[in-house]
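Structure first, commentary second.
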Amino acid sequence: MAQSVLSLQIAMPGVDQILSFIIQQGADELRLGTDDEPQAFAQGVRRHFTMAKTPDAVLRHLLGDVLSKDREALLVKQPLLSFSYEARGIGTFDVTVEARKTGGLNVTFTQSTGSPASPPEPEPAVAASVTHAMSTPIQSVSRETTIDSVASTLRCTAQLRVLVEQAVLQRASDIHAADNEPVYIRVDGQLKPINKGSCTSVESLFQLDEALRDQLLRGVAVEAAIGTSARERLRITLYQASAGLTAAIRLLPAEAPTLAELQLPLNLANLAELPNGLVLLCGATGSGKSSTLAALSRHALEQRSILLVTLEDPIEFQLRASSQSIVRQRQIGRDTKSFTAGLRDALRSDPDIIVVGELRDPETIRLALTAAETGHLVLASIHSGSATACVERVVDAYPADQRSQIRVQLADALRAVVVQRLLPRHRGSGRIAALEVLRVNRAVSNVIREAKTAQLGTLLQAGKREGMISLERCLADYVQSGAVSLEQARAAANDADSLTMYLAK
């Protein structure tokens with residue numbers, strides 16, 4: 001056994017052994033860093049993977065011929081290299097090597113489009129040799145939520161179409177169904193049964209085929225977007241729960257809304273007209289981030305001569321090109337493996353604007369910052385409840401030794417942070433968007449760079465002339481105009497004392 005392990009290590013670089021193992025377990029990306037624990041990802045989602053930290057000498061030994069002398073010499077002249085690497089018996093990988101300013105390396109291997117879905121079954125010695133070399137066990141990589149090709153088999157059945165028509169008549173934003181339970185709809189943020197006493201079957205609602213049904217029963221959730229007519233599209237999430245098969249359905253207009261149709265309290269059109277930089281849309285799930293991103297994209301396509309590339313999970317709104325603009329919409333899992341891979345592709349496709357459906361991980365954030373710094377306008381969403389929390393979330397995504405560098409990049413690249421919340425109207429029907437808008441001027445940039453983000457609230461209050469507004473100021477304006485009730489405003493506010501202060505003015 002020892003002899004076979006030794007011969008394997010001589011024949012195959014150490015990184016090939018790790019790549020073979022994680023690909024066999026369903027991951028498509030490996031991230032390595034000096035003094036960091038290796039990490040595995042599948043379609044941008046981190047997978048359970050345990051391996052010892054790699055000091056610089058160990059990392060360079062693992063990389064072997066991947067980091068040749070010529071490439072090491074290039075790293076001295078340019079801090080970021082991108083190239084392809086053919087792992088023996090596994091497939092081709094896109095590789096990025098970044099030289100840290102503080103010393104050491106960041107290295108990412110991403111399985112190239114067209115590479116085998118999985119490598120040949122490894123001999124037991126592969127896993128054994130990797131474990132022995134790192135003196136720690138490697139745990140299996142588990143598959144979690146994914147968008148699989150079988151999702152394309154979803155169809156809009158007659159039963160589903162009737163259900164959607166009923167929901168549309170009641171102005172619903174979402175439909176929730178589960179086996180042998182009544183169907184619920186969400187109207188103005190509140191859930192209510194659509195047909196009291198009537199139950200449904202998710203399997204019959206979508207006429208699931210055997211492959212898709214088996215995937216769901218294995219605990220793998222599926223997301224997809226389908227059209228029901230020329231007027232509506234559905235974003236569907238199917239998953240297994242204790243009640244049985246379950247469906248969450250978001251109702252979307254087939255075409256992206258205009259900024260005017262969103263009736264936002266501030267005009268955000270000039271954000272889509274910026275020549276470059278990073279604009280972040282923040283808020284919880286269901287706060288309207290995707291609608292605002294789509295409206296900004298539509299405005300840019302109509303008003304500018306641009307190539308706009310989107311990365312979405314899944315595609316929700318259909319964007320239309322104009323006589324002077326081009327749009328390329330890409331769906332994660334169908335058109336590209338992950339947000340990270342899609343961003344790398346986008347940077348090589350001559351875009352003017354890149355729209356990222358969600359910033360999920362450090363590598364995607366890093367690439368978005370790089371794109372913004374190199375002359376592109378990047379519009380992206382991220383889950384955060386305030387402008388201050390958004391800045392800290394981006395920075396905290398990185399290890400402590402990298403945060404100073406990220407603050408500098410963010411201070412230079414960030415142009416605006418928009419936080420959005422939807423509240424029910426106090427009078428009449430429907431919901432209204434409350435905004436917090438932080439625009440990055442010299443003072444804001446300095447605060448971010450110097451890690452003094454606690455001062456952003458003060459800058460928000462003082463920046464009204466530059467188009468800034470705090471969430472509490474916006475909520476107070478709504479209460480005073482009668483658009484939102486005081487109770488709803490207090491529930492939505494981040495700082496109740498600030499809301500009280502604005503209401504007293």
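Quick note on naming: the chains in the structure tokens go A, B, ... in the order shown, residues restart at 1 in each chain, and ligands are numbered from 1 in order of appearance.
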
_Residue contacts of Asp35 of chain A (10 Å, only C-alpha atoms) excluding same-chain residues fewer than 6 positions away, as a PyMOL selection string_ = chain A and resi 52-59+104-106

*Write out as a list in words the residues lying within 12 Å of Leu67 of chain A, counting only C-alpha atoms and excluding same-chain residues fewer than 4 positions away.*
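Counting only C-alpha atoms, the residues come to Pro13, Val15, Leu59, Arg60, His61, Leu62, Leu63, Arg71, Glu72, Ala73, Leu74, Leu75, Leu81, Ser82, Phe83, Ser84, Tyr85, Val95, Thr96, Val97, Glu98, Ala99, Leu105, Asn106 and Val107 of chain A.
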
_Could you go through segment 356-421 of chain A and tell me which residues DSSP, when run on the backbone, assigns to strand (DSSP E), listing them as a ChimeraX atom specification?_
/A:356,377-382,414-421

*Which distance in Å separates atom CA of Glu203 of chain A and atom CA of Asp179 of chain A, to one decimal?*
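These two atoms are separated by 8.1 Å.
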
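Residues with any atom within 8 Å of Val183 of chain A, counting only C-alpha atoms and excluding same-chain neighbours fewer than 4 positions away, are A:Ile175, A:His176, A:Ala177, A:Ala178, A:Pro193, A:Ile194, A:Asn195, A:Ser198, A:Cys199, A:Thr200.
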
For the selection just defined, write its residues with C-alpha atoms to a file, as a CSV table (one decimal), in the first residue's frame.
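Once everything was written out, this is part_37.csv:
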```csv
chain,number,residue,atom,x,y,z
A,175,ILE,CA,-47.8,31.5,-3.9
A,176,HIS,CA,-47.0,28.7,-1.3
A,177,ALA,CA,-48.1,25.1,-1.9
A,178,ALA,CA,-47.4,21.8,-0.2
A,193,PRO,CA,-55.4,30.8,1.9
A,194,ILE,CA,-56.5,31.2,-1.7
A,195,ASN,CA,-59.1,28.4,-1.7
A,198,SER,CA,-58.9,22.9,-0.9
A,199,CYS,CA,-55.6,21.0,-1.0
A,200,THR,CA,-53.3,20.3,-3.8
```

*If we count only C-alpha atoms, what is near segment 435-440 of chain A at a cut-off of 8 Å, once residues fewer than 6 positions away on the same chain are taken out, given as a ChimeraX atom specification?*
/A:264-266,386-387,414-421,460,466-471,474

Selection export as a short mmCIF file (atom, residue, chain, number, x, y, z; two decimals), in the first residue's frame, atoms kept: N, CA and C atoms:
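Saved to part_29.cif:
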```cif
data_model
loop_
_atom_site.label_atom_id
_atom_site.label_comp_id
_atom_site.auth_asym_id
_atom_site.auth_seq_id
_atom_site.Cartn_x
_atom_site.Cartn_y
_atom_site.Cartn_z
N LEU A 264 -40.34 54.97 -6.44
CA LEU A 264 -39.36 55.11 -5.37
C LEU A 264 -39.35 56.54 -4.85
N PRO A 265 -39.02 56.72 -3.56
CA PRO A 265 -39.05 58.08 -3.00
C PRO A 265 -37.92 58.97 -3.50
N LEU A 266 -36.85 58.38 -4.04
CA LEU A 266 -35.76 59.15 -4.62
C LEU A 266 -35.51 58.67 -6.05
N SER A 386 -28.74 47.76 6.38
CA SER A 386 -28.40 49.18 6.40
C SER A 386 -27.13 49.40 5.59
N ALA A 387 -26.87 50.66 5.25
CA ALA A 387 -25.67 50.97 4.47
C ALA A 387 -24.41 50.64 5.27
N LEU A 414 -16.60 51.81 -4.63
CA LEU A 414 -18.02 51.95 -4.29
C LEU A 414 -18.55 53.32 -4.69
N ARG A 415 -19.72 53.33 -5.32
CA ARG A 415 -20.36 54.59 -5.71
C ARG A 415 -21.63 54.87 -4.90
N ALA A 416 -22.37 53.81 -4.54
CA ALA A 416 -23.60 54.03 -3.78
C ALA A 416 -24.06 52.72 -3.15
N VAL A 417 -24.76 52.86 -2.03
CA VAL A 417 -25.44 51.74 -1.38
C VAL A 417 -26.91 52.12 -1.24
N VAL A 418 -27.79 51.26 -1.74
CA VAL A 418 -29.23 51.51 -1.64
C VAL A 418 -29.84 50.37 -0.82
N VAL A 419 -30.45 50.71 0.30
CA VAL A 419 -31.14 49.73 1.15
C VAL A 419 -32.63 49.89 0.94
N GLN A 420 -33.32 48.80 0.73
CA GLN A 420 -34.74 48.87 0.36
C GLN A 420 -35.58 47.98 1.26
N ARG A 421 -36.75 48.48 1.65
CA ARG A 421 -37.74 47.71 2.39
C ARG A 421 -39.12 48.01 1.84
N LEU A 460 -24.85 60.28 6.34
CA LEU A 460 -26.16 60.11 5.69
C LEU A 460 -27.07 61.29 6.01
N GLU A 466 -26.78 65.86 -1.66
CA GLU A 466 -26.10 64.97 -2.60
C GLU A 466 -26.94 63.74 -2.92
N GLY A 467 -28.20 63.76 -2.53
CA GLY A 467 -29.10 62.65 -2.85
C GLY A 467 -29.07 61.52 -1.86
N MET A 468 -28.63 61.79 -0.63
CA MET A 468 -28.61 60.75 0.41
C MET A 468 -29.85 60.88 1.30
N ILE A 469 -30.21 59.75 1.88
CA ILE A 469 -31.31 59.75 2.84
C ILE A 469 -31.15 58.53 3.75
N SER A 470 -31.43 58.72 5.02
CA SER A 470 -31.40 57.58 5.95
C SER A 470 -32.76 56.88 5.91
N LEU A 471 -32.77 55.61 6.29
CA LEU A 471 -34.03 54.86 6.30
C LEU A 471 -35.04 55.52 7.23
N CYS A 474 -36.64 58.58 5.66
CA CYS A 474 -37.63 58.17 4.66
C CYS A 474 -38.91 57.68 5.32
#
```

*Assign secondary structure with DSSP using the backbone only, and return the residues of segment 182-362 of chain A in alpha helix (DSSP H) as a PyMOL selection string.*
chain A and resi 202-206+210-217+259-262+289-303+339-347+362

_Point-to-point distance from atom CA of Phe317 of chain A to atom CA of Pro424 of chain A, Å rounded to tenths_ =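 Computing the Euclidean distance for atom CA of Phe317 of chain A and atom CA of Pro424 of chain A yields 23.3 Å.
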